[in-house]
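As provided, protein_31.txt (compact mmCIF, C-alpha atoms) reads as follows.
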# COMPACT_ATOMS: atom_id res chain seq x y z
CA MET A 1 -16.67 168.93 7.68
CA ARG A 2 -12.87 168.88 7.34
CA SER A 3 -12.67 172.58 8.18
CA VAL A 4 -14.67 171.99 11.34
CA ILE A 5 -12.37 169.16 12.46
CA LYS A 6 -9.25 171.30 11.86
CA ALA A 7 -10.76 174.11 13.89
CA LEU A 8 -11.51 171.76 16.77
CA ARG A 9 -7.92 170.44 16.71
CA ARG A 10 -6.52 174.01 16.82
CA THR A 11 -8.78 174.84 19.77
CA ALA A 12 -7.68 171.73 21.67
CA ALA A 13 -4.01 172.50 21.07
CA VAL A 14 -4.36 176.06 22.31
CA GLY A 15 -6.21 174.82 25.39
CA LEU A 16 -3.44 172.33 26.16
CA LEU A 17 -0.73 175.03 25.93
CA LEU A 18 -2.68 177.35 28.25
CA CYS A 19 -3.06 174.53 30.77
CA LEU A 20 0.67 173.73 30.70
CA ALA A 21 1.55 177.40 31.18
CA ALA A 22 -0.80 177.71 34.14
CA CYS A 23 0.63 174.60 35.82
CA GLY A 24 4.27 175.82 35.83
CA ASP A 25 6.32 178.89 36.47
CA ALA A 26 6.36 181.50 33.75
CA GLY A 27 8.93 180.75 31.11
CA ASP A 28 9.46 177.11 32.25
CA ALA A 29 9.22 174.51 29.51
CA PRO A 30 7.35 171.34 30.40
CA LYS A 31 9.80 168.84 31.83
CA PRO A 32 9.74 165.37 30.23
CA GLN A 33 9.09 162.61 32.73
CA PRO A 34 11.65 159.76 32.82
CA VAL A 35 10.45 156.48 31.36
CA THR A 36 10.85 153.70 33.89
CA THR A 37 11.07 150.15 32.66
CA THR A 38 11.26 147.13 34.89
CA ALA A 39 13.66 144.58 33.42
CA ALA A 40 12.84 141.09 34.57
CA ASP A 41 15.77 139.54 36.47
CA PRO A 42 16.30 136.05 35.07
CA ALA A 43 17.39 134.87 38.53
CA THR A 44 13.92 135.63 39.92
CA GLN A 45 11.89 134.00 37.20
CA VAL A 46 10.67 130.47 36.84
CA LEU A 47 12.20 129.71 33.47
CA GLN A 48 11.24 126.97 31.08
CA ALA A 49 13.80 124.17 30.96
CA LYS A 50 15.06 122.81 27.66
CA ALA A 51 13.98 119.24 27.17
CA SER A 52 16.76 116.68 27.60
CA PRO A 53 16.06 113.09 26.54
CA THR A 54 19.13 111.95 28.49
CA LEU A 55 17.93 113.65 31.66
CA ALA A 56 14.53 112.03 31.24
CA ALA A 57 16.15 108.61 30.79
CA VAL A 58 18.40 109.06 33.83
CA ARG A 59 15.47 110.04 36.03
CA ALA A 60 13.31 107.20 34.74
CA ARG A 61 15.91 104.56 35.59
CA GLY A 62 17.02 106.28 38.81
CA TYR A 63 20.77 106.33 38.20
CA LEU A 64 23.46 107.83 35.99
CA ALA A 65 25.38 105.47 33.69
CA CYS A 66 29.03 106.55 33.69
CA GLY A 67 31.88 105.12 31.62
CA VAL A 68 35.32 105.18 33.27
CA ASN A 69 38.84 103.81 32.96
CA ALA A 70 39.19 100.23 34.13
CA GLY A 71 42.01 101.23 36.45
CA LEU A 72 43.99 104.47 36.50
CA ALA A 73 45.23 105.42 39.95
CA GLY A 74 43.93 108.82 40.99
CA PHE A 75 41.35 109.00 38.22
CA ALA A 76 39.25 105.83 38.26
CA PHE A 77 39.78 102.54 40.07
CA PRO A 78 37.80 100.16 42.29
CA ASP A 79 39.16 99.97 45.84
CA ASP A 80 39.58 96.74 47.81
CA LYS A 81 35.86 96.82 48.63
CA GLY A 82 34.85 97.29 45.00
CA THR A 83 33.88 100.95 45.47
CA TRP A 84 34.92 103.20 42.60
CA ARG A 85 37.30 106.03 43.51
CA GLY A 86 39.07 108.79 41.64
CA PHE A 87 38.89 112.23 40.09
CA ASP A 88 36.88 111.16 37.01
CA VAL A 89 34.61 109.08 39.24
CA ASP A 90 33.85 112.12 41.40
CA ILE A 91 32.88 114.14 38.33
CA CYS A 92 30.16 111.59 37.61
CA ARG A 93 29.08 111.63 41.23
CA ALA A 94 28.75 115.42 41.09
CA VAL A 95 26.49 115.14 38.04
CA ALA A 96 24.37 112.51 39.79
CA ALA A 97 24.06 114.74 42.86
CA ALA A 98 22.98 117.68 40.71
CA VAL A 99 20.51 115.66 38.64
CA LEU A 100 19.13 113.12 41.11
CA GLY A 101 20.09 114.65 44.45
CA ASP A 102 22.17 111.56 45.23
CA ALA A 103 25.87 111.27 44.43
CA LYS A 104 25.66 107.50 44.98
CA ALA A 105 23.07 107.05 42.22
CA VAL A 106 25.71 106.12 39.64
CA ARG A 107 26.57 102.85 37.93
CA PHE A 108 30.12 102.74 36.65
CA THR A 109 31.20 100.77 33.60
CA ALA A 110 34.88 100.15 32.90
CA ILE A 111 35.43 100.79 29.19
CA PRO A 112 38.61 100.21 27.11
CA ALA A 113 39.94 103.24 25.25
CA GLN A 114 39.08 101.71 21.88
CA ASP A 115 35.41 101.21 22.83
CA ARG A 116 34.68 104.38 24.80
CA PHE A 117 33.08 106.45 22.03
CA ALA A 118 31.00 103.57 20.70
CA ALA A 119 29.66 102.95 24.21
CA LEU A 120 28.63 106.59 24.46
CA SER A 121 27.11 106.81 20.98
CA SER A 122 25.11 103.61 21.46
CA GLY A 123 23.53 104.90 24.67
CA LYS A 124 25.22 102.30 26.88
CA ILE A 125 26.43 105.20 29.04
CA ASP A 126 25.11 108.72 29.65
CA ILE A 127 28.51 110.28 30.20
CA LEU A 128 32.10 109.28 29.54
CA SER A 129 34.43 110.42 32.29
CA ARG A 130 37.63 108.69 31.26
CA ASN A 131 40.80 110.83 30.83
CA THR A 132 39.71 111.79 27.30
CA SER A 133 41.23 114.68 25.34
CA TRP A 134 39.11 117.36 23.70
CA THR A 135 40.21 117.46 20.05
CA PHE A 136 38.85 118.96 16.85
CA GLY A 137 38.09 115.61 15.24
CA ARG A 138 36.15 114.35 18.21
CA ASP A 139 34.24 117.55 18.87
CA ALA A 140 33.35 118.08 15.21
CA GLY A 141 31.92 114.57 15.07
CA ALA A 142 29.12 113.20 17.22
CA LEU A 143 30.62 114.16 20.58
CA ASP A 144 30.40 117.16 22.91
CA PHE A 145 32.98 118.17 25.53
CA PRO A 146 31.08 120.20 28.14
CA ALA A 147 34.10 121.42 30.12
CA VAL A 148 37.77 120.80 30.80
CA THR A 149 38.28 119.22 34.21
CA TYR A 150 42.04 118.63 33.94
CA PHE A 151 44.61 120.39 31.76
CA ASP A 152 47.29 117.88 30.82
CA GLY A 153 49.96 117.17 28.23
CA GLN A 154 51.70 114.10 26.86
CA GLY A 155 55.07 113.16 28.28
CA PHE A 156 57.49 110.27 28.70
CA LEU A 157 58.36 107.99 31.60
CA ALA A 158 61.88 106.55 31.55
CA PRO A 159 64.26 104.79 33.93
CA LYS A 160 66.11 107.29 36.10
CA ALA A 161 69.31 105.30 35.51
CA LEU A 162 69.38 106.40 31.86
CA GLY A 163 69.96 110.00 32.94
CA LEU A 164 67.82 111.43 30.15
CA ALA A 165 67.16 115.18 30.12
CA SER A 166 64.81 115.35 27.12
CA ALA A 167 62.61 113.19 24.92
CA ASP A 168 64.91 114.13 22.02
CA GLU A 169 67.42 111.69 23.51
CA LEU A 170 65.03 108.80 22.79
CA ASN A 171 66.13 108.52 19.15
CA GLY A 172 65.92 104.85 18.16
CA ALA A 173 64.15 103.87 21.37
CA ARG A 174 61.33 101.39 21.87
CA ILE A 175 58.39 103.34 23.25
CA CYS A 176 55.30 101.85 24.88
CA VAL A 177 52.03 103.52 23.91
CA GLN A 178 48.38 102.58 24.38
CA ALA A 179 46.29 101.76 21.32
CA GLY A 180 43.24 103.85 20.45
CA THR A 181 44.52 107.02 22.12
CA ALA A 182 45.64 110.44 20.93
CA SER A 183 49.07 109.51 22.30
CA GLU A 184 49.79 107.33 19.25
CA GLN A 185 49.38 110.22 16.80
CA ASN A 186 51.18 112.72 19.04
CA LEU A 187 54.14 110.36 19.33
CA ALA A 188 54.36 109.91 15.57
CA ASP A 189 54.09 113.67 14.97
CA TYR A 190 56.75 114.57 17.51
CA PHE A 191 59.37 112.18 16.17
CA LYS A 192 58.61 112.94 12.52
CA ILE A 193 58.98 116.71 13.02
CA ARG A 194 62.39 116.18 14.61
CA GLY A 195 63.60 113.55 12.18
CA LEU A 196 63.95 110.98 14.95
CA LYS A 197 63.34 107.24 14.82
CA TYR A 198 61.46 105.06 17.28
CA SER A 199 59.72 101.69 17.51
CA ALA A 200 56.18 101.75 18.89
CA VAL A 201 55.32 98.98 21.33
CA VAL A 202 51.52 99.15 21.25
CA SER A 203 49.46 97.87 24.19
CA GLU A 204 45.72 97.35 24.45
CA SER A 205 45.40 98.96 27.87
CA GLU A 206 47.14 101.31 30.27
CA ALA A 207 47.85 98.41 32.61
CA GLN A 208 49.44 96.36 29.84
CA ALA A 209 51.59 99.30 28.71
CA ARG A 210 52.76 99.83 32.30
CA GLU A 211 53.60 96.16 32.78
CA THR A 212 55.45 96.00 29.46
CA TYR A 213 57.52 99.02 30.39
CA GLN A 214 58.26 97.74 33.88
CA GLY A 215 59.28 94.39 32.39
CA GLU A 216 61.75 96.24 30.12
CA GLY A 217 59.77 95.41 27.01
CA CYS A 218 60.31 99.03 25.96
CA ASP A 219 62.74 101.80 26.82
CA ALA A 220 60.19 104.49 27.65
CA TYR A 221 56.46 104.84 28.13
CA THR A 222 54.43 107.74 26.71
CA ALA A 223 50.99 108.93 27.83
CA ASP A 224 49.46 111.98 29.48
CA VAL A 225 51.70 113.23 32.29
CA SER A 226 48.97 112.55 34.85
CA ALA A 227 48.64 108.96 33.59
CA LEU A 228 52.41 108.52 33.82
CA ALA A 229 52.37 109.76 37.43
CA SER A 230 49.56 107.30 38.09
CA ALA A 231 51.49 104.43 36.45
CA ARG A 232 54.69 105.23 38.34
CA SER A 233 52.84 105.20 41.69
CA LEU A 234 51.87 101.56 41.05
CA MET A 235 55.33 100.30 40.07
CA ASN A 236 57.53 98.12 42.26
CA ASN A 237 60.06 100.91 42.70
CA PRO A 238 58.50 104.27 41.76
CA ASN A 239 61.66 106.22 42.58
CA ALA A 240 63.57 104.31 39.89
CA HIS A 241 61.57 106.09 37.18
CA VAL A 242 61.24 109.72 36.17
CA VAL A 243 58.79 111.71 34.06
CA LEU A 244 60.92 113.63 31.56
CA PRO A 245 60.40 117.42 31.43
CA THR A 246 59.44 117.29 27.75
CA VAL A 247 55.70 117.81 27.14
CA ILE A 248 54.80 117.22 23.49
CA SER A 249 51.11 118.10 23.33
CA LYS A 250 48.11 119.86 24.83
CA GLU A 251 45.62 117.47 26.39
CA PRO A 252 42.50 119.18 27.78
CA LEU A 253 40.70 116.34 29.55
CA GLY A 254 37.08 116.24 30.57
CA PRO A 255 33.75 114.44 30.43
CA VAL A 256 32.19 113.61 27.07
CA VAL A 257 28.52 113.39 26.07
CA ARG A 258 26.56 112.87 22.88
CA GLN A 259 26.20 115.89 20.63
CA ASP A 260 22.49 115.35 19.98
CA ASP A 261 21.36 116.51 23.45
CA PRO A 262 22.58 120.09 24.05
CA ALA A 263 20.49 120.43 27.21
CA TRP A 264 22.36 117.47 28.73
CA THR A 265 25.65 119.07 27.69
CA ASP A 266 24.63 122.16 29.68
CA ILE A 267 23.77 120.05 32.72
CA VAL A 268 27.15 118.33 32.75
CA ARG A 269 28.99 121.59 32.01
CA TRP A 270 27.41 123.47 34.90
CA SER A 271 27.77 120.54 37.27
CA VAL A 272 31.54 120.79 36.68
CA TYR A 273 31.54 124.58 36.96
CA ALA A 274 29.55 124.37 40.20
CA LEU A 275 32.52 122.58 41.80
CA MET A 276 34.95 125.21 40.51
CA LEU A 277 32.73 128.08 41.60
CA GLY A 278 32.48 126.39 44.97
CA GLU A 279 36.25 126.63 45.34
CA GLU A 280 36.25 130.22 44.06
CA LEU A 281 33.66 131.20 46.68
CA GLU A 282 35.49 129.27 49.43
CA LEU A 283 32.74 126.72 49.83
CA THR A 284 33.40 123.19 51.03
CA ALA A 285 31.39 120.06 51.68
CA ASP A 286 31.48 120.99 55.37
CA ASN A 287 30.48 124.66 55.22
CA VAL A 288 28.13 124.77 52.23
CA ALA A 289 24.96 124.19 54.29
CA GLU A 290 25.81 127.07 56.61
CA ALA A 291 26.69 129.27 53.63
CA ARG A 292 23.34 128.57 52.00
CA ASP A 293 21.48 129.58 55.14
CA ASP A 294 23.57 132.52 56.32
CA SER A 295 25.65 134.00 53.50
CA GLN A 296 24.71 137.46 52.29
CA ASP A 297 26.91 137.16 49.20
CA PRO A 298 24.49 137.13 46.23
CA ARG A 299 26.92 134.98 44.22
CA VAL A 300 26.84 132.30 46.89
CA ARG A 301 23.09 132.55 47.30
CA ARG A 302 22.43 132.24 43.55
CA LEU A 303 24.76 129.27 43.19
CA LEU A 304 23.27 127.40 46.13
CA GLY A 305 19.64 128.11 45.23
CA ALA A 306 18.90 130.42 48.16
CA GLN A 307 18.21 133.34 45.82
CA GLY A 308 16.56 133.26 42.44
CA ASN A 309 15.46 130.11 40.70
CA LEU A 310 18.08 129.19 38.11
CA GLY A 311 17.83 125.43 38.48
CA PRO A 312 14.79 125.13 36.20
CA LEU A 313 16.88 126.49 33.31
CA LEU A 314 18.67 123.14 33.43
CA GLY A 315 15.55 121.18 34.27
CA LEU A 316 16.91 120.72 37.80
CA LYS A 317 15.90 121.70 41.31
CA ALA A 318 17.04 124.97 42.83
CA ASP A 319 19.61 123.20 45.02
CA TRP A 320 21.40 121.32 42.21
CA ALA A 321 24.80 122.97 42.85
CA PHE A 322 24.35 122.79 46.62
CA GLN A 323 23.89 119.03 46.38
CA ALA A 324 26.94 118.58 44.15
CA ILE A 325 29.23 120.52 46.51
CA ARG A 326 27.75 119.08 49.71
CA GLN A 327 28.01 115.48 48.57
CA VAL A 328 31.21 115.57 46.49
CA GLY A 329 33.07 118.72 47.56
CA ALA A 330 34.36 121.76 45.71
CA TYR A 331 36.94 121.32 42.96
CA ASP A 332 39.94 121.80 45.26
CA GLU A 333 38.63 119.09 47.59
CA VAL A 334 38.12 116.67 44.67
CA PHE A 335 41.62 117.43 43.32
CA ARG A 336 43.36 117.19 46.68
CA ARG A 337 42.02 113.80 47.75
CA ASN A 338 42.42 112.13 44.34
CA LEU A 339 45.44 113.73 42.69
CA GLY A 340 47.01 116.27 45.04
CA GLN A 341 48.63 116.26 48.44
CA GLY A 342 45.99 114.00 49.95
CA SER A 343 46.74 111.27 47.41
CA PRO A 344 49.69 109.00 46.53
CA LEU A 345 50.23 110.98 43.30
CA LYS A 346 50.78 114.32 45.06
CA LEU A 347 50.42 116.30 41.83
CA GLU A 348 50.70 120.09 41.95
CA ARG A 349 47.74 122.15 40.77
CA GLY A 350 49.78 123.89 38.06
CA LEU A 351 47.54 124.69 35.11
CA ASN A 352 44.65 123.22 37.07
CA ALA A 353 44.59 126.05 39.61
CA LEU A 354 41.84 128.64 39.44
CA TRP A 355 42.40 131.83 37.48
CA ASN A 356 42.62 133.91 40.70
CA ALA A 357 44.92 131.58 42.68
CA PRO A 358 48.25 132.93 44.02
CA GLN A 359 49.83 130.94 41.19
CA PRO A 360 47.07 131.31 38.58
CA GLY A 361 45.94 128.40 36.47
CA LEU A 362 43.55 128.04 33.55
CA HIS A 363 40.27 127.21 35.28
CA TYR A 364 37.92 130.17 34.80
CA PRO A 365 34.33 129.13 35.54
CA PRO A 366 31.65 131.49 34.16
CA PRO A 367 29.44 133.28 36.69
CA VAL A 368 26.04 131.98 37.79
CA ARG A 369 23.62 134.82 37.16

Rewrite the structure from the file as structure tokens, please.
Amino acid sequence: MRSVIKALRRTAAVGLLLCLAACGDAGDAPKPQPVTTTAADPATQVLQAKASPTLAAVRARGYLACGVNAGLAGFAFPDDKGTWRGFDVDICRAVAAAVLGDAKAVRFTAIPAQDRFAALSSGKIDILSRNTSWTFGRDAGALDFPAVTYFDGQGFLAPKALGLASADELNGARICVQAGTASEQNLADYFKIRGLKYSAVVSESEAQARETYQGEGCDAYTADVSALASARSLMNNPNAHVVLPTVISKEPLGPVVRQDDPAWTDIVRWSVYALMLGEELELTADNVAEARDDSQDPRVRRLLGAQGNLGPLLGLKADWAFQAIRQVGAYDEVFRRNLGQGSPLKLERGLNALWNAPQPGLHYPPPVR
């Protein structure tokens, strides 16, 4: 039986060779056909979203619970009508627009620095957007920092009349600092390294520290440079005070969420990056609708939900980024009206410019694809 099978196999092989020879020119070897594979484009698929308990809770109640500073000009403060304004406030509004389609669907809670992490961990708030620095100790604990929204550093505010050129000239000075902040440790480290002496005048809030300094209860006030600019803008005579050129730390500021919901971390992260990508692609609150309908740039179309279907990856609708930009504005619009030339603070972009700006900064949002 085996010999018969072998004979049949030899006959079939010979027949195949004769057929191949007859189908081609003499002496031509059979040409291998290319193997074509169709790789599925993630942007054209309906992808399964990761479950987010926080997202489910936000949708069930119909609003985002956001923790903010009680009053920090430019970042978070209630105006004379009780409406919350500021850079950190707008970050929460962008998340609400992306998640709920409504930037106004936010309830803001003013939280002292000492209580901010407990409020987040307990579930009192869904997101903390309160000039908070991303540090190892915080990130390695129960917190997640989705993205940096503002690159800052700690500095010193002092009376212009003192004629100080550096923080090193504050040896023996009384220095106001807010309790429960990274500024306390940074201050201690800076003076210890240099063998300098100081007396800490600790305040429970930014407002108290500002008032103590203005009332000459201390010789200088230390905080993030942006917070010092904010404090100076509220003083009786802002021009009588100067932020010293010395910057003693790195303070990457941004929203904070709980570490036990990585899908929510992604939602907040990409809501922030959507604003930055909006600036990068020259989108604004005014032109984003036209861009969604008419732009042929695939980057714009993917971001705004006109091409592909990336929103479901976050558990959101296709137009999540469109809503954030349309209702809140791109990053440059948010910066300008709250902190930049359209605000009393008139801060320069500096490190907070995009990576491809004429004077490049550190913001480098990943691509949407």

Pairwise distance, atom CA of Ala110 of chain A with atom CA of Ala285 of chain A, equals 27.6 Å

Taking the point (25.5, 125.2, 45.9) as given in the file, collect each protein or nucleic acid residue that comes within 10 Å of it, counting only C-alpha atoms, and present the set as a PDB file with C-alpha atoms, keeping the file's coordinate frame.
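out-v2.pdb was written with the following content:
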ATOM      1  CA  ALA A  98      22.980 117.680  40.710  1.00  0.00           C
ATOM      2  CA  ALA A 274      29.550 124.370  40.200  1.00  0.00           C
ATOM      3  CA  LEU A 275      32.520 122.580  41.800  1.00  0.00           C
ATOM      4  CA  LEU A 277      32.730 128.080  41.600  1.00  0.00           C
ATOM      5  CA  GLY A 278      32.480 126.390  44.970  1.00  0.00           C
ATOM      6  CA  LEU A 283      32.740 126.720  49.830  1.00  0.00           C
ATOM      7  CA  THR A 284      33.400 123.190  51.030  1.00  0.00           C
ATOM      8  CA  ALA A 285      31.390 120.060  51.680  1.00  0.00           C
ATOM      9  CA  VAL A 288      28.130 124.770  52.230  1.00  0.00           C
ATOM     10  CA  ALA A 289      24.960 124.190  54.290  1.00  0.00           C
ATOM     11  CA  ALA A 291      26.690 129.270  53.630  1.00  0.00           C
ATOM     12  CA  ARG A 292      23.340 128.570  52.000  1.00  0.00           C
ATOM     13  CA  VAL A 300      26.840 132.300  46.890  1.00  0.00           C
ATOM     14  CA  ARG A 301      23.090 132.550  47.300  1.00  0.00           C
ATOM     15  CA  ARG A 302      22.430 132.240  43.550  1.00  0.00           C
ATOM     16  CA  LEU A 303      24.760 129.270  43.190  1.00  0.00           C
ATOM     17  CA  LEU A 304      23.270 127.400  46.130  1.00  0.00           C
ATOM     18  CA  GLY A 305      19.640 128.110  45.230  1.00  0.00           C
ATOM     19  CA  ALA A 306      18.900 130.420  48.160  1.00  0.00           C
ATOM     20  CA  ALA A 318      17.040 124.970  42.830  1.00  0.00           C
ATOM     21  CA  ASP A 319      19.610 123.200  45.020  1.00  0.00           C
ATOM     22  CA  TRP A 320      21.400 121.320  42.210  1.00  0.00           C
ATOM     23  CA  ALA A 321      24.800 122.970  42.850  1.00  0.00           C
ATOM     24  CA  PHE A 322      24.350 122.790  46.620  1.00  0.00           C
ATOM     25  CA  GLN A 323      23.890 119.030  46.380  1.00  0.00           C
ATOM     26  CA  ALA A 324      26.940 118.580  44.150  1.00  0.00           C
ATOM     27  CA  ILE A 325      29.230 120.520  46.510  1.00  0.00           C
ATOM     28  CA  ARG A 326      27.750 119.080  49.710  1.00  0.00           C
ATOM     29  CA  ALA A 330      34.360 121.760  45.710  1.00  0.00           C
TER      30      ALA A 330
END

Figure out the distance between atom CA of Phe151 of chain A and atom CA of Trp134 of chain A, please, to one decimal in Å.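 Atom-to-atom, atom CA of Trp134 of chain A and atom CA of Phe151 of chain A are spaced 10.2 Å apart.
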
Fewer than 5 positions away in the same chain doesn't count, so skip those; otherwise give me all residues within 12 Å of Arg61 of chain A, counting only C-alpha atoms, as a PyMOL selection string. chain A and resi 54-56+100+105-107+126

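Atom pair atom CA of Arg194 of chain A / atom CA of Ile248 of chain A has a distance of 11.7 Å (rounded to one decimal).
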
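With only C-alpha atoms as the atoms that count, the residue of A:Ile125, A:Val242, A:Val99, A:Ala188 with the shortest distance to Leu157 of chain A is A:Val242.
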
Identify which of the residues A:Ser205, A:Ser233, A:Thr149, A:Ser249 lies closest to Gly180 of chain A, counting only C-alpha atoms when measuring atom-to-atom distances.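 Between A:Ser205, A:Ser233, A:Thr149, A:Ser249, the residue approaching Gly180 of chain A most closely is A:Ser205.
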
Which of these residues is nearest to Ala65 of chain A, using all atoms listed in the file: A:Gly153, A:Asp139, A:Arg258, A:Lys124?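 Looking at the shortest contact to Ala65 of chain A, the residue is A:Lys124.
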
Just checking: using all atoms listed in the file, which residue out of A:Pro245, A:Gly74, A:Gly254, A:Gly308 ends up closest to Gly155 of chain A?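 Looking at the shortest contact to Gly155 of chain A, the residue is A:Pro245.
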
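Around the point (47.0, 107.4, 39.4), within 7 Å and counting only C-alpha atoms, we find these residues: Leu72, Ala73, Gly74, Phe75, Ala227, Ala229, Ser230, Ala231, Ser233 and Leu345 of chain A.
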
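Considering all atoms listed in the file, the residue among A:Leu339, A:Val58, A:Ile91, A:Leu314 positioned nearest to Ile267 of chain A is A:Leu314.
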
Phe108 of chain A: which residues within 9 Å, counting only C-alpha atoms, same-chain residues fewer than 3 positions away excluded, as a VMD selection string? chain A and resid 64 to 68 84 89 92 125
